[in-house]
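Raw contents of input.tsv, TSV, C-alpha atoms and all ligand atoms:
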chain	number	residue	atom	x	y	z
A	164	MET	CA	128.98	98.50	113.57
A	165	ARG	CA	129.65	101.21	116.13
A	166	ASN	CA	126.76	103.14	114.72
A	167	GLU	CA	124.39	100.27	115.32
A	168	VAL	CA	125.46	99.79	118.91
A	169	LYS	CA	125.28	103.52	119.50
A	170	LEU	CA	121.80	103.85	118.05
A	171	LYS	CA	120.48	100.68	119.59
A	172	GLY	CA	120.56	102.22	123.01
A	173	PHE	CA	119.21	105.61	122.02
A	174	GLY	CA	115.58	105.16	123.04
A	175	ALA	CA	116.54	103.19	126.14
A	176	ARG	CA	119.17	105.71	127.19
A	177	LEU	CA	116.78	108.60	126.66
A	178	LYS	CA	114.29	106.78	128.84
A	179	SER	CA	116.77	106.18	131.65
A	180	LEU	CA	118.04	109.74	131.48
A	181	PHE	CA	114.49	110.99	131.80
A	182	GLY	CA	114.13	108.90	134.92
A	183	ILE	CA	116.92	110.69	136.82
A	184	SER	CA	115.52	112.84	139.63
A	185	THR	CA	118.37	115.32	140.15
A	186	ILE	CA	118.10	117.68	137.28
A	187	ASP	CA	121.16	119.90	137.11
A	188	GLU	CA	123.54	121.18	134.42
A	189	THR	CA	125.14	117.73	134.06
A	190	TYR	CA	121.72	116.34	133.27
A	191	PHE	CA	121.29	118.75	130.38
A	192	GLU	CA	124.80	118.10	129.15
A	193	GLU	CA	124.01	114.39	129.05
A	194	LEU	CA	120.71	114.98	127.33
A	195	GLU	CA	122.35	117.13	124.65
A	196	GLU	CA	125.14	114.62	124.13
A	197	LEU	CA	122.62	111.85	123.72
A	198	LEU	CA	120.53	113.76	121.21
A	199	ILE	CA	123.63	114.61	119.17
A	200	GLU	CA	124.71	110.96	119.23
A	201	GLY	CA	121.22	110.05	118.10
A	202	ASP	CA	121.86	112.03	114.90
A	203	LEU	CA	119.35	114.76	115.65
A	204	GLY	CA	121.81	117.55	114.84
A	205	SER	CA	122.89	120.49	116.99
A	206	LYS	CA	120.05	122.89	116.18
A	207	LEU	CA	117.31	120.44	117.08
A	208	THR	CA	119.24	119.23	120.10
A	209	LEU	CA	119.37	122.73	121.58
A	210	GLU	CA	115.70	123.32	120.84
A	211	ILE	CA	114.72	120.12	122.60
A	212	SER	CA	117.00	120.83	125.53
A	213	ASP	CA	115.49	124.32	125.94
A	214	GLU	CA	111.97	122.88	125.90
A	215	VAL	CA	112.92	120.37	128.56
A	216	ARG	CA	114.31	123.22	130.71
A	217	GLU	CA	111.04	125.13	130.31
A	218	LEU	CA	108.97	122.13	131.28
A	219	ILE	CA	111.05	121.50	134.37
A	220	LYS	CA	110.74	125.14	135.41
A	221	LYS	CA	106.97	125.03	135.02
A	222	LYS	CA	106.21	121.67	136.57
A	223	LYS	CA	107.47	120.55	139.96
A	224	HIS	CA	107.16	116.82	139.42
A	225	VAL	CA	108.31	115.75	136.02
A	226	ASN	CA	108.47	112.05	135.34
A	227	ALA	CA	110.23	110.12	132.60
A	228	SER	CA	107.20	109.73	130.39
A	229	ASP	CA	106.39	113.48	130.53
A	230	LEU	CA	109.79	114.12	129.01
A	231	GLN	CA	109.50	111.37	126.44
A	232	VAL	CA	106.14	112.73	125.34
A	233	LEU	CA	107.59	116.25	125.17
A	234	VAL	CA	110.45	115.18	122.92
A	235	LYS	CA	108.07	113.16	120.77
A	236	GLU	CA	105.82	116.22	120.41
A	237	GLN	CA	108.78	118.27	119.23
A	238	LEU	CA	109.78	115.69	116.67
A	239	THR	CA	106.26	114.99	115.39
A	240	PRO	CA	106.03	117.97	112.97
A	241	LEU	CA	109.39	117.01	111.44
A	242	VAL	CA	108.36	113.52	110.34
A	243	HIS	CA	106.07	113.09	107.35
A	244	THR	CA	104.45	110.08	105.74
A	245	TYR	CA	103.70	109.35	102.11
A	246	HIS	CA	102.01	106.09	101.18
A	247	PRO	CA	102.01	105.81	97.38
A	248	THR	CA	98.93	104.68	95.52
A	249	ILE	CA	98.92	102.95	92.16
A	250	ASP	CA	96.54	104.15	89.46
A	251	PRO	CA	95.64	100.89	87.69
A	252	ASP	CA	94.59	102.75	84.53
A	253	HIS	CA	98.03	104.24	83.95
A	254	LEU	CA	101.67	103.30	83.98
A	255	ASN	CA	103.06	104.23	87.40
A	256	VAL	CA	106.80	104.88	87.39
A	257	PHE	CA	109.04	104.71	90.47
A	258	LEU	CA	112.62	105.93	90.13
A	259	ILE	CA	114.63	104.29	92.90
A	260	LEU	CA	117.80	106.08	93.97
A	261	GLY	CA	120.47	105.57	96.59
A	262	VAL	CA	124.18	105.09	97.11
A	263	ASN	CA	125.60	101.61	96.57
A	264	GLY	CA	125.01	99.17	99.38
A	265	VAL	CA	122.04	100.90	101.01
A	266	GLY	CA	119.70	98.13	99.87
A	267	LYS	CA	118.36	99.64	96.65
A	268	THR	CA	118.15	96.43	94.59
A	269	THR	CA	116.61	94.48	97.46
A	270	THR	CA	114.06	97.25	98.01
A	271	ILE	CA	113.09	97.25	94.32
A	272	ALA	CA	112.52	93.49	94.51
A	273	LYS	CA	110.39	93.90	97.64
A	274	ILE	CA	108.24	96.60	96.03
A	275	ALA	CA	107.91	94.51	92.86
A	276	LYS	CA	106.67	91.55	94.88
A	277	ALA	CA	104.23	93.65	96.89
A	278	TYR	CA	102.60	95.05	93.73
A	279	LYS	CA	102.73	91.75	91.84
A	280	ASP	CA	100.94	90.11	94.77
A	281	GLN	CA	98.22	92.76	94.37
A	282	GLY	CA	97.69	91.51	90.82
A	283	LEU	CA	99.51	94.38	89.12
A	284	SER	CA	101.88	93.87	86.17
A	285	VAL	CA	105.36	95.02	87.12
A	286	THR	CA	108.46	95.66	84.98
A	287	LEU	CA	111.98	96.42	86.24
A	288	ALA	CA	114.45	98.63	84.38
A	289	ALA	CA	118.14	97.92	85.01
A	290	ALA	CA	119.44	101.47	84.58
A	291	ASP	CA	122.45	101.02	86.85
A	292	THR	CA	124.50	100.09	83.80
A	293	PHE	CA	127.64	101.22	85.58
A	294	ARG	CA	127.96	97.96	87.53
A	295	ALA	CA	127.54	94.63	85.74
A	296	ALA	CA	126.75	93.02	89.10
A	297	ALA	CA	123.81	95.38	89.60
A	298	ILE	CA	122.20	94.24	86.34
A	299	ASP	CA	122.78	90.57	87.23
A	300	GLN	CA	121.39	91.02	90.71
A	301	LEU	CA	118.25	92.72	89.45
A	302	GLU	CA	117.79	89.97	86.85
A	303	ILE	CA	118.05	87.28	89.52
A	304	HIS	CA	115.28	89.02	91.49
A	305	ALA	CA	113.15	89.47	88.36
A	306	ASN	CA	113.43	85.76	87.53
A	307	ARG	CA	112.65	84.68	91.07
A	308	LEU	CA	109.65	86.96	91.28
A	309	GLY	CA	108.42	86.27	87.75
A	310	VAL	CA	108.44	89.90	86.65
A	311	ARG	CA	109.78	91.34	83.40
A	312	ILE	CA	113.12	93.11	83.25
A	313	VAL	CA	114.42	95.52	80.62
A	314	LYS	CA	118.21	95.63	80.46
A	315	GLN	CA	121.17	96.22	78.21
A	316	THR	CA	124.80	95.28	78.57
A	317	SER	CA	126.84	96.94	81.29
A	318	GLY	CA	128.38	100.22	80.22
A	319	SER	CA	125.47	101.10	77.95
A	320	ASP	CA	123.56	104.37	78.24
A	321	PRO	CA	121.21	104.28	81.27
A	322	GLY	CA	118.96	106.78	79.52
A	323	ALA	CA	118.50	104.34	76.63
A	324	VAL	CA	117.51	101.56	79.05
A	325	VAL	CA	114.95	103.83	80.67
A	326	TYR	CA	113.58	104.93	77.28
A	327	ASP	CA	113.21	101.30	76.13
A	328	ALA	CA	111.65	100.24	79.41
A	329	LEU	CA	109.13	103.09	79.28
A	330	SER	CA	108.23	102.40	75.65
A	331	SER	CA	107.66	98.70	76.19
A	332	ALA	CA	105.83	99.15	79.51
A	333	GLN	CA	103.52	101.70	77.89
A	334	ALA	CA	102.96	99.47	74.85
A	335	ARG	CA	102.12	96.47	77.04
A	336	GLY	CA	99.87	98.47	79.34
A	337	ASP	CA	101.92	97.63	82.43
A	338	ASN	CA	100.85	99.03	85.78
A	339	VAL	CA	104.20	99.61	87.46
A	340	LEU	CA	107.73	100.31	86.22
A	341	LEU	CA	110.50	100.30	88.84
A	342	ILE	CA	113.75	101.88	87.66
A	343	ASP	CA	117.04	100.93	89.31
A	344	THR	CA	119.71	103.65	89.05
A	345	ALA	CA	123.43	104.04	89.65
A	346	GLY	CA	124.51	104.88	93.18
A	347	ARG	CA	128.02	105.96	92.35
A	348	MET	CA	130.04	107.12	89.36
A	349	HIS	CA	133.46	108.56	88.72
A	350	ASN	CA	132.36	111.74	90.42
A	351	LYS	CA	129.33	113.40	91.91
A	352	GLU	CA	128.76	115.70	88.90
A	353	ASN	CA	128.51	112.71	86.55
A	354	LEU	CA	126.05	110.98	88.81
A	355	VAL	CA	123.87	114.05	89.16
A	356	ARG	CA	123.93	114.66	85.39
A	357	GLU	CA	123.04	111.04	84.64
A	358	LEU	CA	120.15	111.00	87.08
A	359	ALA	CA	118.82	114.33	85.84
A	360	LYS	CA	118.90	112.92	82.29
A	361	ILE	CA	116.88	109.86	83.31
A	362	ASP	CA	114.42	112.13	85.10
A	363	LYS	CA	113.96	114.18	81.95
A	364	ILE	CA	113.40	111.09	79.80
A	365	VAL	CA	110.58	109.90	82.05
A	366	GLN	CA	108.92	113.30	81.79
A	367	THR	CA	109.33	113.57	78.02
A	368	LYS	CA	107.67	110.16	77.68
A	369	GLY	CA	104.54	111.84	79.00
A	370	ILE	CA	104.49	110.42	82.54
A	371	ASP	CA	102.96	113.17	84.69
A	372	SER	CA	103.95	113.83	88.30
A	373	ASP	CA	100.90	111.95	89.66
A	374	HIS	CA	102.24	108.78	88.06
A	375	TYR	CA	105.94	109.35	88.53
A	376	LYS	CA	107.58	109.27	91.97
A	377	LYS	CA	111.22	109.46	92.96
A	378	PHE	CA	112.37	107.61	96.05
A	379	LEU	CA	115.70	107.71	97.84
A	380	VAL	CA	116.68	104.62	99.80
A	381	ILE	CA	118.44	105.51	103.05
A	382	ASP	CA	120.20	102.90	105.17
A	383	SER	CA	118.87	103.46	108.68
A	384	THR	CA	122.25	102.65	110.20
A	385	THR	CA	123.93	105.42	108.19
A	386	GLY	CA	123.66	108.28	110.66
A	387	GLN	CA	124.65	111.82	109.75
A	388	ASN	CA	125.67	110.84	106.22
A	389	GLY	CA	122.02	110.34	105.35
A	390	LEU	CA	121.38	114.06	105.21
A	391	SER	CA	124.23	114.77	102.78
A	392	GLN	CA	123.12	111.84	100.57
A	393	ALA	CA	119.54	113.10	100.54
A	394	THR	CA	120.67	116.64	99.75
A	395	ILE	CA	122.68	115.55	96.68
A	396	PHE	CA	119.93	113.34	95.23
A	397	HIS	CA	117.24	115.91	96.03
A	398	GLN	CA	119.19	118.56	94.13
A	399	ALA	CA	119.62	116.20	91.18
A	400	VAL	CA	116.04	115.05	90.66
A	401	SER	CA	113.81	116.65	93.30
A	402	LEU	CA	112.82	113.64	95.40
A	403	ASP	CA	109.29	112.74	96.42
A	404	ALA	CA	109.96	110.47	99.37
A	405	LEU	CA	112.40	108.34	101.32
A	406	ILE	CA	112.55	104.61	101.89
A	407	LEU	CA	114.23	103.54	105.10
A	408	SER	CA	116.14	100.27	104.69
A	409	LYS	CA	117.67	97.92	107.28
A	410	TYR	CA	115.38	99.20	110.01
A	411	ASP	CA	115.63	95.75	111.60
A	412	SER	CA	119.35	96.31	112.21
A	413	LEU	CA	118.80	97.91	115.61
A	414	ALA	CA	119.14	101.48	114.33
A	415	LYS	CA	116.36	103.89	115.10
A	416	GLY	CA	116.92	106.27	112.23
A	417	GLY	CA	117.53	109.58	114.01
A	418	SER	CA	119.07	110.91	110.80
A	419	LEU	CA	115.63	110.66	109.23
A	420	ILE	CA	114.44	113.41	111.56
A	421	GLN	CA	117.22	115.66	110.30
A	422	ILE	CA	116.38	114.91	106.67
A	423	GLY	CA	112.74	115.65	107.41
A	424	ALA	CA	113.64	118.89	109.16
A	425	ASN	CA	116.01	120.07	106.44
A	426	LEU	CA	114.39	118.86	103.24
A	427	GLY	CA	110.80	118.22	104.29
A	428	LEU	CA	110.78	114.79	102.66
A	429	PRO	CA	108.22	112.20	103.74
A	430	ILE	CA	108.90	108.49	104.31
A	431	SER	CA	107.07	105.80	102.37
A	432	PHE	CA	108.37	102.34	103.14
A	433	VAL	CA	110.56	100.67	105.71
A	434	GLY	CA	112.75	97.63	105.02
A	435	VAL	CA	112.80	95.31	108.01
A	436	GLY	CA	114.86	92.36	106.78
A	437	GLU	CA	116.40	90.64	103.79
A	438	ARG	CA	113.37	88.65	102.58
A	439	TYR	CA	110.97	89.87	99.88
A	440	GLU	CA	108.18	90.13	102.44
A	441	ASP	CA	110.23	92.39	104.71
A	442	LEU	CA	108.82	95.69	103.53
A	443	GLU	CA	106.31	97.73	105.49
A	444	LEU	CA	104.51	101.00	104.97
A	445	PHE	CA	106.08	103.67	107.18
A	446	ASP	CA	104.25	104.06	110.49
A	447	LYS	CA	105.03	107.46	112.03
A	448	GLU	CA	103.62	106.72	115.48
A	449	ARG	CA	105.60	103.53	115.83
A	450	PHE	CA	108.76	105.21	114.54
A	451	LEU	CA	108.56	108.11	117.00
A	452	ASN	CA	107.63	105.90	119.95
A	453	ALA	CA	110.62	103.67	119.24
A	454	LEU	CA	112.90	106.68	118.88
A	455	VAL	CA	112.07	108.21	122.27
A	456	GLY	CA	111.79	104.84	124.01
A	457	LEU	CA	107.99	104.88	124.46
A	458	ALA	CA	107.53	101.60	122.59
B	501	LIG	P1	122.33	98.12	96.71
B	501	LIG	O1	123.81	98.12	96.43
B	501	LIG	O2	121.89	99.44	97.25
B	501	LIG	O3	121.50	97.68	95.56
B	501	LIG	O4	122.12	97.11	97.93
B	501	LIG	P2	121.52	95.64	97.97
B	501	LIG	O5	120.07	95.64	97.67
B	501	LIG	O6	122.40	94.73	97.18
B	501	LIG	O7	121.66	95.33	99.54
B	501	LIG	C1	122.88	95.36	100.23
B	501	LIG	C2	122.78	94.41	101.43
B	501	LIG	O8	121.82	94.90	102.35
B	501	LIG	C3	122.31	93.01	101.04
B	501	LIG	O9	123.05	92.06	101.79
B	501	LIG	C4	120.84	93.00	101.45
B	501	LIG	O10	120.38	91.70	101.77
B	501	LIG	C5	120.87	93.89	102.66
B	501	LIG	N1	119.56	94.52	102.93
B	501	LIG	C6	118.80	95.25	102.09
B	501	LIG	N2	117.68	95.67	102.72
B	501	LIG	C7	117.73	95.20	103.99
B	501	LIG	C8	116.86	95.31	105.15
B	501	LIG	O11	115.81	95.95	105.15
B	501	LIG	N3	117.30	94.68	106.27
B	501	LIG	C9	118.48	93.99	106.33
B	501	LIG	N4	118.81	93.41	107.48
B	501	LIG	N5	119.29	93.88	105.28
B	501	LIG	C10	118.93	94.46	104.13

Could you write out this file's structure as structure tokens?
Ligand code: GDP
Amino acid sequence: MRNEVKLKGFGARLKSLFGISTIDETYFEELEELLIEGDLGSKLTLEISDEVRELIKKKKHVNASDLQVLVKEQLTPLVHTYHPTIDPDHLNVFLILGVNGVGKTTTIAKIAKAYKDQGLSVTLAAADTFRAAAIDQLEIHANRLGVRIVKQTSGSDPGAVVYDALSSAQARGDNVLLIDTAGRMHNKENLVRELAKIDKIVQTKGIDSDHYKKFLVIDSTTGQNGLSQATIFHQAVSLDALILSKYDSLAKGGSLIQIGANLGLPISFVGVGERYEDLELFDKERFLNALVGLA
């Protein structure tokens, strides 16, 4: 909860700080503190702070929006967008990853609905066999949305579920296969090994990289933890893009900037609520404007 409150005010606080006319050392201390609290990390914080110092040295009259625009300009190259396209003549496979509770299952349901509404045939694969509740939850969504689900009993081999799902989706000529995966196991090594195995199965079934994309769901209220999550999953399966969930929950997603800066991963979708319709394509301009309080 603290995170949400903290991040809620980030853009607004940046804006009010930029409006202060006496610019002294305290000003820069406050700016740096704010950027750190906004999950931008120490390296980026110092870079931004130095740029602001330069600007103030150069220009006599600096107003709030000059500074907001300057910070936005610095962040712009660190944020990337990837809007996936579906090739209707092939099976398109999305592997959906993320730690438990980030909104993975909900996001899969939202993507399934979006593509089903476009007239595409969608199948879900319940490969988080580690939690019985995860299979049940995915099945509830599949039934509500009227899409097919491939599942086995909990505790079964996730690789076998993925293999079955791929075989049947290919045989039926499906357009989209969305694979749910485990977000936690006994230990990190097990999780990484399991995910790498699934990744290999998709590739050995002949799905090329144009038709196979790996997404990590990041809870936008997570903060600094987001970067360590992304690093682990990226090492395991080499991610293609991020999906930002719970963006409606007042957070502005400063940790996304850090992930972008460190791993160079683009963002595809943004979850903005709990309903199936609450999924949007990532809009970089809007995201950055909201972050620096220009919105
Ligand atoms: P999983 O464990 O990662 O599969 O997480 P779930 O999909 O079960 O979601 C966990 C909780 O987050 C549920 O209560 C969802 O309704 C909620 N949730 C998921 N996405 C969003 C979102 O974009 N906005 C909001 N407000 N809640 C979300």

Separation of atom CA of Asp213 of chain A from atom CA of Leu419 of chain A, in Å and rounded to one decimal: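 Atom-to-atom, atom CA of Asp213 of chain A and atom CA of Leu419 of chain A are spaced 21.6 Å apart.
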
Would you list the residues that come within 8 Å of ligand LIG 501 (chain B)? Count only C-alpha atoms and all ligand atoms and give the answer as a VMD selection string. chain A and resid 261 to 271 297 300 346 380 407 to 412 433 to 438 441 to 442

Using all atoms listed in the file for the distances, tell me which of A:Val313, A:Ile364, A:Ala277, A:Val355 is nearest to Ile395 of chain A.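 Among the listed residues, A:Val355 lies closest to Ile395 of chain A.
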
By how many Å are atom CA of Gly204 of chain A and atom CA of Leu426 of chain A apart? 13.8 Å

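From atom CA of Arg311 of chain A back to atom CA of Thr286 of chain A, the distance works out to 4.8 Å.
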
For Gly416 of chain A, which residue among A:Leu457, A:Ala290, A:Ile430, A:Val365 is the nearest when counting all atoms listed in the file?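 Residue with the minimum atom-to-atom distance to Gly416 of chain A: A:Ile430.
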
Would you mind telling me which residue in A:Thr189, A:Thr316, A:Asn338, A:Thr248 lies nearest to Lys279 of chain A when using all atoms listed in the file?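 Of all the options, A:Asn338 lies closest to Lys279 of chain A.
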
Would you pick out the contacts of Gly336 of chain A at 12 Å or less, using all atoms listed in the file, so that residues sharing its chain but fewer than 4 positions from it are not included, and give the list as a ChimeraX atom specification? /A:251-255,283-286,328-332,340

Using all atoms listed in the file, which residue out of A:Leu209, A:Leu180, A:Ile259, A:Leu233 lies closest to Asn452 of chain A? A:Leu233

Which residues are near Tyr439 of chain A? Cut-off 7 Å, only C-alpha atoms, ignore same chain within fewer than 4 positions. Put them as an NGL selection string. :A and (272-273 or 276)
